[in-house]
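Just start_3.cif here, mmCIF, C-alpha atoms and all ligand atoms:
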```
data_coords
#
loop_
_atom_site.label_atom_id
_atom_site.label_comp_id
_atom_site.auth_asym_id
_atom_site.auth_seq_id
_atom_site.Cartn_x
_atom_site.Cartn_y
_atom_site.Cartn_z
CA ASN L 1001 89.10 78.30 78.46
CA GLY L 1002 90.18 75.63 80.89
CA THR L 1003 87.17 75.39 83.20
CA THR L 1004 84.86 72.39 83.30
CA PRO L 1005 81.06 71.92 83.55
CA GLU L 1006 81.72 70.46 87.01
CA ALA L 1007 83.49 73.64 88.08
CA ALA L 1008 80.53 75.73 86.83
CA ALA L 1009 78.08 73.47 88.69
CA LEU L 1010 80.14 73.92 91.85
CA VAL L 1011 79.84 77.71 91.55
CA ARG L 1012 76.03 77.35 91.37
CA ARG L 1013 76.00 74.98 94.35
CA ARG L 1014 78.16 77.35 96.35
CA GLU L 1015 75.88 80.28 95.55
CA ARG L 1016 72.73 78.48 96.70
CA HIS L 1017 73.53 78.45 100.40
CA LEU L 1018 76.65 80.50 100.87
CA ALA L 1019 76.05 84.22 101.40
CA ALA L 1020 77.61 86.40 98.73
CA VAL L 1021 81.11 87.49 99.65
CA GLN L 1022 83.16 90.11 97.87
CA GLU L 1023 82.99 88.50 94.44
CA HIS L 1024 86.47 89.12 93.18
CA TYR L 1025 87.06 85.69 91.77
CA PHE L 1026 86.91 84.95 88.06
CA ALA L 1027 83.82 84.87 85.84
CA ASP L 1028 84.48 81.21 85.17
CA PRO L 1029 86.63 79.94 88.02
CA PRO L 1030 88.30 76.53 87.81
CA GLU L 1031 87.76 74.12 90.69
CA ILE L 1032 90.96 74.25 92.68
CA GLU L 1033 91.87 71.03 94.39
CA ARG L 1034 95.34 71.49 95.76
CA GLY L 1035 98.23 73.84 96.15
CA TRP L 1036 101.99 73.41 96.26
CA ARG L 1037 104.41 76.24 96.99
CA HIS L 1038 103.35 79.08 94.63
CA HIS L 1039 101.22 76.86 92.40
CA LEU L 1040 97.56 75.84 92.42
CA PHE L 1041 96.13 72.79 90.63
CA ASP L 1042 92.58 72.29 89.41
CA THR L 1043 90.63 69.03 89.30
CA ASP L 1044 92.14 68.28 85.87
CA ALA L 1045 95.60 68.65 87.43
CA ARG L 1046 96.09 71.86 85.44
CA PRO L 1047 98.70 74.03 87.17
CA TYR L 1048 98.29 77.76 87.81
CA LEU L 1049 101.01 80.11 88.88
CA ASP L 1050 99.61 81.84 91.95
CA MET L 1051 100.59 85.51 92.07
CA VAL L 1052 98.00 86.66 94.65
CA ASN L 1053 98.04 84.42 97.73
CA ASN L 1054 99.95 86.46 100.27
CA VAL L 1055 98.23 84.54 103.07
CA ALA L 1056 99.98 81.32 102.01
CA ALA L 1057 103.22 83.21 102.57
CA VAL L 1058 105.51 80.20 103.03
CA GLY L 1059 103.77 78.34 100.21
CA HIS L 1060 100.66 76.21 99.82
CA ALA L 1061 100.40 72.85 101.58
CA HIS L 1062 103.68 73.19 103.42
CA PRO L 1063 104.47 69.72 104.79
CA ARG L 1064 106.09 71.06 107.98
CA ILE L 1065 102.88 72.90 108.90
CA ALA L 1066 100.71 69.90 108.09
CA GLU L 1067 102.93 67.70 110.22
CA ALA L 1068 103.06 70.14 113.13
CA VAL L 1069 99.28 70.71 113.14
CA GLY L 1070 98.54 66.96 112.90
CA ARG L 1071 100.87 66.25 115.77
CA GLN L 1072 99.42 69.02 117.98
CA LEU L 1073 95.82 68.08 117.20
CA ASN L 1074 96.61 64.56 118.34
CA LEU L 1075 98.04 65.89 121.59
CA LEU L 1076 96.01 68.87 122.76
CA ASN L 1077 93.97 71.83 121.57
CA THR L 1078 92.41 74.07 124.18
CA ASN L 1079 92.07 77.70 125.14
CA SER L 1080 94.65 80.09 126.44
CA ARG L 1081 93.45 79.92 130.06
CA PHE L 1082 95.45 76.69 130.34
CA ASN L 1083 99.18 76.57 130.91
CA TYR L 1084 100.99 75.07 127.93
CA ALA L 1085 104.37 75.77 126.40
CA SER L 1086 103.50 76.63 122.79
CA ILE L 1087 101.72 79.91 123.63
CA ALA L 1088 104.66 81.16 125.70
CA GLU L 1089 107.10 80.21 122.97
CA PHE L 1090 105.09 81.83 120.18
CA SER L 1091 104.61 85.05 122.16
CA GLU L 1092 108.37 85.22 122.80
CA ARG L 1093 109.08 84.69 119.12
CA LEU L 1094 106.61 87.43 118.09
CA ALA L 1095 107.90 89.91 120.65
CA ALA L 1096 111.46 89.23 119.47
CA LEU L 1097 110.49 90.38 115.97
CA LEU L 1098 109.82 93.91 117.24
CA PRO L 1099 112.04 96.51 118.86
CA ASP L 1100 111.53 97.47 122.49
CA PRO L 1101 109.19 98.52 123.99
CA LEU L 1102 106.81 96.54 121.73
CA ASP L 1103 106.96 93.38 123.81
CA THR L 1104 103.38 92.48 124.73
CA VAL L 1105 101.27 90.23 122.53
CA PHE L 1106 97.53 89.57 122.21
CA LEU L 1107 96.67 86.52 120.10
CA VAL L 1108 93.48 86.57 118.04
CA ASN L 1109 92.13 84.84 114.92
CA SER L 1110 92.13 87.36 112.09
CA GLY L 1111 93.25 90.74 110.86
CA THR L 1112 89.83 92.20 111.59
CA GLU L 1113 90.04 91.12 115.22
CA ALA L 1114 93.55 92.51 115.50
CA VAL L 1115 92.48 95.91 114.13
CA ASP L 1116 89.36 95.98 116.31
CA LEU L 1117 91.43 95.25 119.41
CA ALA L 1118 94.11 97.77 118.42
CA LEU L 1119 91.45 100.52 118.19
CA ARG L 1120 90.05 99.52 121.58
CA LEU L 1121 93.51 99.64 123.13
CA SER L 1122 93.96 103.18 121.89
CA TRP L 1123 90.52 104.24 123.10
CA ALA L 1124 91.26 102.81 126.54
CA TRP L 1125 94.67 104.53 126.53
CA SER L 1126 93.44 108.02 125.84
CA GLY L 1127 89.85 107.87 127.02
CA ARG L 1128 88.91 109.44 123.69
CA ARG L 1129 87.24 108.15 120.57
CA ASP L 1130 88.31 110.12 117.50
CA VAL L 1131 90.40 108.25 114.94
CA VAL L 1132 92.35 109.47 111.94
CA ALA L 1133 92.55 107.10 108.96
CA VAL L 1134 93.76 107.46 105.39
CA ARG L 1135 91.42 107.09 102.43
CA GLU L 1136 91.50 104.09 100.07
CA ALA L 1137 92.26 101.75 102.96
CA TYR L 1138 90.81 98.45 104.11
CA HIS L 1139 91.23 97.23 107.69
CA GLY L 1140 88.49 94.63 108.23
CA TRP L 1141 84.77 94.09 108.61
CA SER L 1142 83.86 94.38 112.34
CA ASP L 1143 82.08 97.59 113.37
CA ALA L 1144 85.28 99.34 114.42
CA ALA L 1145 87.55 97.95 111.67
CA ASP L 1146 84.92 98.75 109.06
CA ALA L 1147 84.57 102.29 110.43
CA VAL L 1148 88.19 103.02 109.52
CA SER L 1149 87.98 101.20 106.17
CA THR L 1150 87.62 103.87 103.55
CA SER L 1151 88.13 102.02 100.27
CA VAL L 1152 85.35 102.53 97.77
CA ALA L 1153 86.44 99.34 96.00
CA ASP L 1154 85.16 97.40 99.01
CA ASN L 1155 82.22 99.66 99.82
CA PRO L 1156 81.06 102.29 97.28
CA GLN L 1157 79.43 104.31 100.11
CA ALA L 1158 82.52 104.16 102.30
CA LEU L 1159 83.16 107.87 102.47
CA GLU L 1160 79.56 108.98 103.09
CA THR L 1161 78.89 106.40 105.79
CA ARG L 1162 81.86 106.80 108.15
CA PRO L 1163 80.79 107.43 111.75
CA PRO L 1164 81.48 110.99 112.98
CA TRP L 1165 84.52 109.88 115.03
CA VAL L 1166 86.39 108.84 111.89
CA HIS L 1167 88.42 111.57 110.18
CA THR L 1168 90.01 110.75 106.85
CA LEU L 1169 93.15 112.07 105.21
CA ASP L 1170 93.98 112.11 101.51
CA ALA L 1171 95.36 108.79 100.33
CA PRO L 1172 99.10 109.54 100.31
CA ASN L 1173 99.53 108.25 96.78
CA ALA L 1174 102.49 109.73 94.92
CA TYR L 1175 101.30 108.45 91.54
CA ARG L 1176 97.87 110.04 91.51
CA GLY L 1177 95.80 112.35 93.67
CA ARG L 1178 96.44 115.88 94.88
CA HIS L 1179 100.25 115.73 95.17
CA ARG L 1180 102.31 113.77 92.67
CA GLY L 1181 105.95 112.83 92.28
CA ALA L 1182 108.27 115.36 93.89
CA ASP L 1183 105.26 117.12 95.49
CA ALA L 1184 104.20 114.00 97.40
CA HIS L 1185 105.81 115.30 100.62
CA ARG L 1186 102.85 117.72 100.80
CA TYR L 1187 100.56 114.88 101.88
CA ALA L 1188 102.40 114.90 105.21
CA THR L 1189 102.07 118.68 105.57
CA ASP L 1190 98.33 118.45 104.88
CA ALA L 1191 97.96 115.53 107.29
CA VAL L 1192 99.71 117.36 110.13
CA ALA L 1193 97.52 120.44 109.52
CA SER L 1194 94.38 118.27 109.69
CA ILE L 1195 95.51 116.66 112.95
CA GLU L 1196 96.29 120.06 114.47
CA ARG L 1197 92.90 121.33 113.36
CA LEU L 1198 91.14 118.41 115.02
CA GLN L 1199 92.98 119.10 118.24
CA ALA L 1200 92.12 122.80 118.08
CA ASP L 1201 88.47 121.83 117.58
CA GLY L 1202 88.53 119.78 120.78
CA ARG L 1203 88.60 116.49 118.91
CA ALA L 1204 92.16 115.39 119.60
CA PRO L 1205 92.57 111.99 117.98
CA ALA L 1206 92.96 108.85 120.08
CA THR L 1207 94.62 107.07 117.18
CA PHE L 1208 96.04 107.17 113.72
CA ILE L 1209 95.70 103.94 111.77
CA ALA L 1210 97.31 103.17 108.43
CA GLU L 1211 99.15 100.48 106.57
CA ALA L 1212 102.82 101.43 106.87
CA PHE L 1213 103.27 100.50 103.22
CA TYR L 1214 100.18 101.03 101.12
CA GLY L 1215 99.05 97.52 100.23
CA ASN L 1216 95.44 98.25 99.43
CA ALA L 1217 96.30 101.15 97.12
CA GLY L 1218 98.34 98.76 94.99
CA GLY L 1219 101.57 98.11 96.86
CA MET L 1220 102.92 101.62 97.15
CA PRO L 1221 105.42 102.96 99.61
CA LEU L 1222 104.11 105.97 101.51
CA PRO L 1223 105.91 109.17 100.49
CA ASP L 1224 109.29 109.50 102.20
CA GLY L 1225 108.91 111.04 105.62
CA TYR L 1226 105.12 110.65 105.71
CA LEU L 1227 104.89 108.66 108.92
CA ARG L 1228 107.87 110.54 110.37
CA ALA L 1229 105.67 113.64 110.23
CA VAL L 1230 102.27 112.15 111.05
CA TYR L 1231 103.26 109.98 114.05
CA PRO L 1232 104.72 112.90 116.08
CA ALA L 1233 101.68 115.05 115.28
CA ILE L 1234 99.36 112.32 116.59
CA ARG L 1235 101.51 111.82 119.68
CA ALA L 1236 101.57 115.56 120.32
CA ALA L 1237 97.78 115.35 120.40
CA GLY L 1238 98.00 112.53 122.97
CA GLY L 1239 97.13 109.77 120.50
CA LEU L 1240 98.68 106.43 119.58
CA CYS L 1241 99.87 105.21 116.19
CA ILE L 1242 98.74 101.87 114.79
CA ALA L 1243 100.67 100.24 111.96
CA ASP L 1244 98.44 97.74 110.16
CA GLU L 1245 100.95 95.14 108.97
CA VAL L 1246 98.31 92.52 108.13
CA GLN L 1247 99.23 92.55 104.44
CA VAL L 1248 102.67 94.03 104.09
CA GLY L 1249 104.47 92.84 107.22
CA TYR L 1250 106.25 89.55 107.92
CA GLY L 1251 109.15 89.76 105.52
CA ARG L 1252 107.29 90.11 102.24
CA LEU L 1253 108.91 93.48 101.48
CA GLY L 1254 112.26 91.69 101.37
CA GLU L 1255 114.40 94.55 102.53
CA TYR L 1256 112.24 95.01 105.61
CA PHE L 1257 110.45 92.59 107.87
CA TRP L 1258 107.88 95.29 108.77
CA GLY L 1259 106.48 98.03 106.56
CA PHE L 1260 107.08 100.66 109.26
CA GLU L 1261 110.85 100.09 108.99
CA GLN L 1262 110.70 101.47 105.47
CA GLN L 1263 109.33 104.71 106.93
CA GLY L 1264 111.89 104.85 109.75
CA VAL L 1265 109.27 105.02 112.53
CA LEU L 1266 108.17 102.94 115.49
CA PRO L 1267 104.42 102.50 116.00
CA ASP L 1268 102.73 102.08 119.38
CA ILE L 1269 100.58 99.18 118.23
CA VAL L 1270 101.18 96.69 115.42
CA THR L 1271 98.47 94.48 113.90
CA VAL L 1272 99.42 91.22 112.19
CA ALA L 1273 97.52 88.34 110.58
CA LYS L 1274 97.44 86.63 107.16
CA ALA L 1275 101.03 85.40 106.67
CA MET L 1276 101.53 84.57 110.35
CA GLY L 1277 99.16 81.59 110.09
CA ASN L 1278 99.80 80.73 106.43
CA GLY L 1279 96.01 80.37 106.07
CA HIS L 1280 95.28 79.06 109.56
CA PRO L 1281 93.15 81.72 111.33
CA LEU L 1282 95.71 83.63 113.32
CA GLY L 1283 96.16 87.28 114.17
CA ALA L 1284 98.02 89.32 116.75
CA VAL L 1285 98.30 92.74 118.30
CA ILE L 1286 101.73 93.65 119.59
CA THR L 1287 102.11 96.69 121.79
CA THR L 1288 103.78 98.00 124.92
CA ARG L 1289 103.15 96.59 128.37
CA ALA L 1290 101.78 99.95 129.52
CA ILE L 1291 99.20 100.13 126.71
CA ALA L 1292 98.14 96.50 127.28
CA ASP L 1293 97.82 97.07 131.02
CA ARG L 1294 95.70 100.20 130.61
CA TYR L 1295 93.24 98.13 128.55
CA ARG L 1296 93.28 95.39 131.18
CA SER L 1297 92.26 97.90 133.82
CA GLN L 1298 89.19 98.86 131.79
CA GLY L 1299 88.19 95.80 129.88
CA TYR L 1300 88.51 92.12 129.49
CA PHE L 1301 90.24 90.17 126.79
CA PHE L 1302 89.70 86.54 126.04
CA SER L 1303 89.55 84.64 122.76
CA SER L 1304 88.49 80.98 122.77
CA ALA L 1305 90.71 79.95 119.88
CA GLY L 1306 93.20 82.83 119.91
CA GLY L 1307 96.63 81.46 120.86
CA SER L 1308 95.36 77.88 121.15
CA PRO L 1309 98.04 75.17 121.17
CA VAL L 1310 97.38 74.47 117.48
CA SER L 1311 97.44 78.16 116.51
CA SER L 1312 100.61 78.75 118.51
CA VAL L 1313 102.32 75.76 116.89
CA VAL L 1314 101.28 76.99 113.44
CA GLY L 1315 102.63 80.46 114.20
CA THR L 1316 105.98 79.16 115.47
CA THR L 1317 106.33 76.76 112.53
CA VAL L 1318 105.67 79.56 110.02
CA LEU L 1319 108.44 81.62 111.64
CA ASP L 1320 110.79 78.62 111.54
CA ILE L 1321 110.07 78.08 107.84
CA LEU L 1322 110.54 81.77 107.03
CA ALA L 1323 113.99 81.59 108.63
CA ASP L 1324 115.08 78.13 107.46
CA GLU L 1325 114.05 78.72 103.84
CA HIS L 1326 115.39 82.30 103.80
CA LEU L 1327 112.07 83.52 102.44
CA GLN L 1328 112.51 87.19 103.33
CA GLN L 1329 115.77 87.14 101.41
CA ASN L 1330 114.04 85.33 98.55
CA ALA L 1331 111.37 88.06 98.52
CA ARG L 1332 114.14 90.65 98.22
CA VAL L 1333 116.05 88.92 95.43
CA VAL L 1334 113.17 87.56 93.36
CA GLY L 1335 111.09 90.69 94.00
CA ALA L 1336 113.87 92.96 92.71
CA HIS L 1337 114.27 90.78 89.61
CA LEU L 1338 110.52 90.75 88.97
CA LYS L 1339 110.19 94.49 89.47
CA SER L 1340 112.99 95.28 87.04
CA ARG L 1341 111.55 92.92 84.42
CA LEU L 1342 108.14 94.59 84.84
CA GLU L 1343 109.77 97.99 84.45
CA ASP L 1344 111.28 96.74 81.17
CA LEU L 1345 107.82 95.65 80.11
CA ALA L 1346 106.56 99.17 80.83
CA GLU L 1347 108.98 100.48 78.16
CA LYS L 1348 107.25 98.28 75.64
CA HIS L 1349 103.57 98.62 76.58
CA GLU L 1350 101.94 102.07 76.87
CA LEU L 1351 99.20 100.59 79.05
CA ILE L 1352 101.60 100.14 81.97
CA GLY L 1353 101.60 103.51 83.73
CA ALA L 1354 103.80 102.54 86.67
CA VAL L 1355 105.25 99.63 88.56
CA HIS L 1356 104.89 100.08 92.32
CA GLY L 1357 106.16 98.22 95.32
CA LEU L 1358 109.01 96.42 96.96
CA GLY L 1359 110.01 92.80 97.41
CA LEU L 1360 107.11 90.50 96.69
CA TYR L 1361 104.46 93.17 97.18
CA LEU L 1362 104.24 94.80 93.75
CA GLY L 1363 101.54 96.60 91.76
CA VAL L 1364 101.39 97.14 88.01
CA GLU L 1365 99.17 100.17 87.40
CA LEU L 1366 97.39 100.14 84.05
CA VAL L 1367 96.31 103.45 82.48
CA ARG L 1368 94.69 104.42 79.18
CA ASP L 1369 96.79 107.53 78.90
CA ARG L 1370 100.08 108.13 80.67
CA ALA L 1371 99.48 111.88 80.87
CA THR L 1372 95.95 111.82 82.33
CA ARG L 1373 96.54 108.49 84.12
CA GLU L 1374 92.98 107.45 83.28
CA PRO L 1375 92.53 104.11 85.05
CA ALA L 1376 92.31 101.13 82.69
CA ASP L 1377 89.92 99.23 84.95
CA LEU L 1378 88.02 97.23 82.32
CA GLU L 1379 91.28 96.29 80.63
CA THR L 1380 92.70 95.17 83.98
CA ALA L 1381 89.71 92.89 84.61
CA MET L 1382 89.96 91.39 81.13
CA ILE L 1383 93.70 90.92 81.38
CA CYS L 1384 93.22 89.02 84.65
CA GLU L 1385 90.65 86.74 82.98
CA ARG L 1386 92.99 86.09 80.06
CA MET L 1387 95.94 85.45 82.39
CA ARG L 1388 93.84 82.88 84.23
CA GLU L 1389 93.05 81.15 80.93
CA LEU L 1390 96.78 81.00 80.30
CA GLY L 1391 97.47 79.55 83.75
CA VAL L 1392 98.38 82.59 85.86
CA ILE L 1393 96.31 83.84 88.80
CA VAL L 1394 96.50 87.61 89.25
CA GLN L 1395 93.78 90.07 90.32
CA PRO L 1396 92.94 93.79 90.29
CA THR L 1397 93.28 96.03 93.32
CA SER L 1398 93.03 99.71 94.39
CA ASP L 1399 90.02 102.01 94.53
CA ARG L 1400 90.23 102.25 90.75
CA GLN L 1401 90.69 98.50 90.20
CA CYS L 1402 93.40 99.23 87.66
CA VAL L 1403 96.39 97.76 89.48
CA LEU L 1404 97.52 94.16 89.01
CA LYS L 1405 98.30 93.11 92.57
CA ILE L 1406 101.33 90.89 92.84
CA LYS L 1407 101.78 89.25 96.23
CA PRO L 1408 102.59 85.59 95.63
CA PRO L 1409 103.73 83.05 98.19
CA MET L 1410 107.26 84.06 99.15
CA THR L 1411 108.62 80.85 97.64
CA LEU L 1412 108.36 82.41 94.17
CA THR L 1413 111.39 81.51 92.01
CA ILE L 1414 113.15 83.52 89.32
CA GLU L 1415 111.79 81.04 86.75
CA SER L 1416 108.20 81.56 87.91
CA ALA L 1417 108.68 85.33 88.01
CA ASP L 1418 109.92 85.17 84.40
CA TYR L 1419 106.96 83.00 83.44
CA PHE L 1420 104.61 85.65 84.85
CA VAL L 1421 106.35 88.44 82.92
CA HIS L 1422 106.36 86.36 79.74
CA THR L 1423 102.62 85.63 80.03
CA LEU L 1424 101.77 89.26 80.78
CA ASP L 1425 103.88 90.37 77.83
CA ALA L 1426 102.03 87.93 75.56
CA VAL L 1427 98.62 89.15 76.76
CA LEU L 1428 99.57 92.82 76.37
CA THR L 1429 101.02 92.10 72.90
CA HIS L 1430 98.34 89.84 71.44
CA GLY L 1431 95.32 91.23 73.26
CA TRP L 1432 92.91 89.95 75.84
N1 LIG R 1501 94.03 94.95 107.45
C1 LIG R 1501 94.48 94.88 106.18
C2 LIG R 1501 95.51 95.85 105.71
C3 LIG R 1501 93.96 93.92 105.31
O1 LIG R 1501 94.40 93.86 104.05
C4 LIG R 1501 92.98 93.00 105.78
C5 LIG R 1501 92.39 91.92 104.89
N2 LIG R 1501 92.42 92.14 103.54
C6 LIG R 1501 92.55 93.11 107.10
C7 LIG R 1501 93.11 94.09 107.91
C8 LIG R 1501 91.52 92.19 107.67
O2 LIG R 1501 92.05 90.91 107.85
P1 LIG R 1501 91.11 89.61 107.91
O3 LIG R 1501 90.56 89.38 106.53
O4 LIG R 1501 92.06 88.53 108.37
O5 LIG R 1501 90.04 89.86 108.91
#
```

Please lay out the structure from this file as structure tokens.
Amino acid sequence: NGTTPEAAALVRRRERHLAAVQEHYFADPPEIERGWRHHLFDTDARPYLDMVNNVAAVGHAHPRIAEAVGRQLNLLNTNSRFNYASIAEFSERLAALLPDPLDTVFLVNSGTEAVDLALRLSWAWSGRRDVVAVREAYHGWSDAADAVSTSVADNPQALETRPPWVHTLDAPNAYRGRHRGADAHRYATDAVASIERLQADGRAPATFIAEAFYGNAGGMPLPDGYLRAVYPAIRAAGGLCIADEVQVGYGRLGEYFWGFEQQGVLPDIVTVAKAMGNGHPLGAVITTRAIADRYRSQGYFFSSAGGSPVSSVVGTTVLDILADEHLQQNARVVGAHLKSRLEDLAEKHELIGAVHGLGLYLGVELVRDRATREPADLETAMICERMRELGVIVQPTSDRQCVLKIKPPMTLTIESADYFVHTLDAVLTHGW
């Protein structure tokens, strides 16, 4: 099946001293030695088409990043208390990506840190603690980020173990759940009623946090008008709105640089990570000067490596590459092609219940029965294993683990998109 005894021995070696992480990798993973654009290569130089690495957004092993990091490491790497140009430049570039008044940047090292800080900013702003989050979401592993992470795929006890200050809303999923299809606008009505109820109970929320495009549910847009209803309700209660753009932001949606644009809203706080460092640990919170200053008056922010010269150079280089290689446009064009080819495949294979998403954030939801929408979770896992044997890396997502998540490096070409569709077609036709 393509893996070697050496690769199996490496798994055992890794398991001896490395604490168990979320074990979502394959039963028999190959030993990956290098990457190039949207491809990975194992120690036998076998290529794999990489359909999952959204962190390597501008492609694996990009020579411009390697060159920029090498150069900066040879010059200087220190903390943000020092005065150096790269941090000022990167902050300007980030602020320029967002409309006014979102012009103030905190630089951290991960999505978890960004979410944690975003929650703290909102607590400092309102002097209150209660937070509204949607179900089936993941926002990180620190105490605060974990508290608002409600996905049972990541933590089977997620819903029973939320602290009392976390209030969850139905996952606004138009494909399954309480309100489907044309009824999906009711999620917003329910959400507003819940927020008003909290306020009436003396628990006015300090914050609402959600992905502005539902990455963790399988790459689904929120129902039209959802955030346009929820954000004003939160603001009427004196709270702030956080858009978690860690997965879906940064141009991947093709048509939009940020997920919140798709909803026609403006958040108060935006969290970013993953793509912005292309794998280098880099995260950011972008907010208004007033919100940042309120936090400053109550707390202290410093991060030893956040916004270091090397991190700032990585961040600026990633933005340069995104622009110079027209990768957002590529995500739009190749993503639209891929989505339409997957929709064609759905005509042929009953197992495909729906194709979700936009640009190069897509989800292929697999169901045993199109009427009941029974999740085909075991099939999804087996299909991913078989795809890996055939040289394509794709993995399950969502609380039901029945969605093929498709979020490749944004360098994906039409040819590689076709290769993915061809391989999936073969697996669905000939079995897994
Ligand atoms: N928010 C979202 C939406 C995420 O998907 C993730 C990571 N999967 C995080 C936050 C946490 O980011 P990190 O792993 O960089 O801490």

Please report the interatomic distance between CA of Ile1352 (chain L) and CA of Ala1174 (chain L) in Å with one decimal.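 CA of Ala1174 (chain L) lies at a distance of 16.1 Å from CA of Ile1352 (chain L).
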
I want to know what sits within 12 Å of Ala1056 (chain L), based on all atoms listed in the file, with residues of the same chain fewer than 2 positions away left out; could you give that as a VMD selection string? chain L and resid 1035 to 1040 1050 to 1054 1058 to 1062 1065 1247 1250 1252 1273 to 1281 1318 1322 1407 to 1412

Return as CSV the residues of chain L lying at most 9 Å from ligand LIG 1501 (chain R), together with the closest atom-to-atom pair for each and the distance in Å to one decimal, counting all atoms listed in the file, with rows in chain order and ascending residue number.
```
residue,atom,partner,partner_atom,distance
L:Asn1109,CA,R:LIG1501,O4,7.5
L:Ser1110,CA,R:LIG1501,O4,3.9
L:Gly1111,CA,R:LIG1501,O2,3.2
L:Thr1112,CA,R:LIG1501,O5,3.6
L:Glu1113,CA,R:LIG1501,O5,6.4
L:Ala1114,CA,R:LIG1501,C7,7.8
L:Val1115,CA,R:LIG1501,C7,6.5
L:Ala1137,CA,R:LIG1501,C2,7.3
L:Tyr1138,CA,R:LIG1501,C1,5.5
L:His1139,CA,R:LIG1501,N1,3.6
L:Gly1140,CA,R:LIG1501,C8,3.9
L:Trp1141,CA,R:LIG1501,O5,6.8
L:Ser1142,CA,R:LIG1501,O5,8.4
L:Ala1145,CA,R:LIG1501,C7,7.7
L:Ser1149,CA,R:LIG1501,N1,8.8
L:Ala1210,CA,R:LIG1501,C2,8.0
L:Glu1211,CA,R:LIG1501,C2,6.0
L:Tyr1214,CA,R:LIG1501,C2,8.3
L:Gly1215,CA,R:LIG1501,C2,6.7
L:Asn1216,CA,R:LIG1501,O1,6.5
L:Asp1244,CA,R:LIG1501,C2,5.7
L:Glu1245,CA,R:LIG1501,C2,6.4
L:Val1246,CA,R:LIG1501,C1,4.9
L:Gln1247,CA,R:LIG1501,O1,5.0
L:Val1248,CA,R:LIG1501,C2,7.6
L:Thr1271,CA,R:LIG1501,N1,7.8
L:Val1272,CA,R:LIG1501,N1,8.1
L:Ala1273,CA,R:LIG1501,O4,5.9
L:Lys1274,CA,R:LIG1501,O4,5.8
L:Pro1281,CA,R:LIG1501,O4,7.5
L:Leu1282,CA,R:LIG1501,O4,7.9
L:Gly1283,CA,R:LIG1501,O4,7.2
```

Produce the centre coordinates and the three edge lengths, each in Å to one decimal, of the box along x, y and z that contains all listed atoms of region 1169-1174 of chain L with 5 Å added on each side, as lines of an AutoDock Vina configuration file.
```
center_x = 97.8
center_y = 110.2
center_z = 100.1
size_x = 19.3
size_y = 13.9
size_z = 20.3
```

Pull the neighbourhood of (92.6, 96.7, 81.6) for me: all residues within 12 Å in file coordinates, counting only C-alpha atoms, as a ChimeraX atom specification. /L:1350-1353,1364-1369,1374-1387,1395-1397,1400-1404,1424,1427-1428,1431-1432

One decimal, in Å: what's the spacing between CA of Gly1359 (chain L) and CA of Glu1255 (chain L)?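 So the two atoms, CA of Gly1359 (chain L) and CA of Glu1255 (chain L), lie 7.0 Å apart.
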
Please list as a PyMOL selection string every residue within 6 Å of Thr1168 (chain L), counting all atoms listed in the file and excluding residues in the same chain fewer than 5 positions away. chain L and resi 1132-1135

Expected file contents, prior selection, C-alpha atoms, as a PDB file, in the frame of the given file:
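Contents of the output file part18.pdb:
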```pdb
ATOM      1  CA  VAL L1132      92.350 109.470 111.940  1.00  0.00           C
ATOM      2  CA  ALA L1133      92.550 107.100 108.960  1.00  0.00           C
ATOM      3  CA  VAL L1134      93.760 107.460 105.390  1.00  0.00           C
ATOM      4  CA  ARG L1135      91.420 107.090 102.430  1.00  0.00           C
TER       5      ARG L1135
END
```

Point-to-point distance from CA of His1167 (chain L) to CA of Ala1229 (chain L), Å rounded to tenths: 17.4 Å

Which polymer residues have any atom within 9 Å of an atom of Pro1029 (chain L), counting only C-alpha atoms, with same-chain residues fewer than 5 positions away left out, as a tab-separated table (two decimals) with C-alpha atoms, keeping the file's coordinate frame?
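Done, and the output landed in selection27.tsv:
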```
chain	number	residue	atom	x	y	z
L	1003	THR	CA	87.17	75.39	83.20
L	1007	ALA	CA	83.49	73.64	88.08
L	1008	ALA	CA	80.53	75.73	86.83
L	1011	VAL	CA	79.84	77.71	91.55
L	1388	ARG	CA	93.84	82.88	84.23
```

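With distances restricted to all atoms listed in the file, L:Ser1312 is the closest residue to Glu1092 (chain L) from L:Ser1312, L:Ala1193, L:Glu1261, L:Pro1267.
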
Nearest residue to Ala1336 (chain L) out of L:Thr1288, L:Tyr1300, L:Gly1254, L:Ile1321, using all atoms listed in the file?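 With all atoms listed in the file as the atom set, the closest residue is L:Gly1254.
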
Go through L:Ala1009, L:Ala1212, L:Ile1195, L:Ala1184 and flag the residue nearest Phe1260 (chain L), using only C-alpha atoms for the distances. L:Ala1212

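Shortest atom-to-atom contact with Ala1153 (chain L) among L:Ile1032, L:Gly1357, L:Gly1218, L:Gly1127: L:Gly1218, counting only C-alpha atoms.
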
Which region 1196-1228 of chain L residues have any atom within 8 Å of an atom of region 1186-1190 of chain L, and for each, what is the nearest pair of atoms with distance in Å to one decimal, counting all atoms listed in the file, rows sorted by chain and number, as a tab-separated table?
```
residue	atom	partner	partner_atom	distance
L:Pro1223	CA	L:Tyr1187	CA	7.9
L:Gly1225	CA	L:Ala1188	CA	7.6
L:Tyr1226	CA	L:Ala1188	CA	5.1
L:Leu1227	CA	L:Ala1188	CA	7.7
```

For each of L:Asp1183, L:Asp1154, L:Asp1170, L:Asp1130, take the minimum atom-to-atom distance to Leu1198 (chain L), counting only C-alpha atoms, then give the residue where this is smallest.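 Between L:Asp1183, L:Asp1154, L:Asp1170, L:Asp1130, the residue approaching Leu1198 (chain L) most closely is L:Asp1130.
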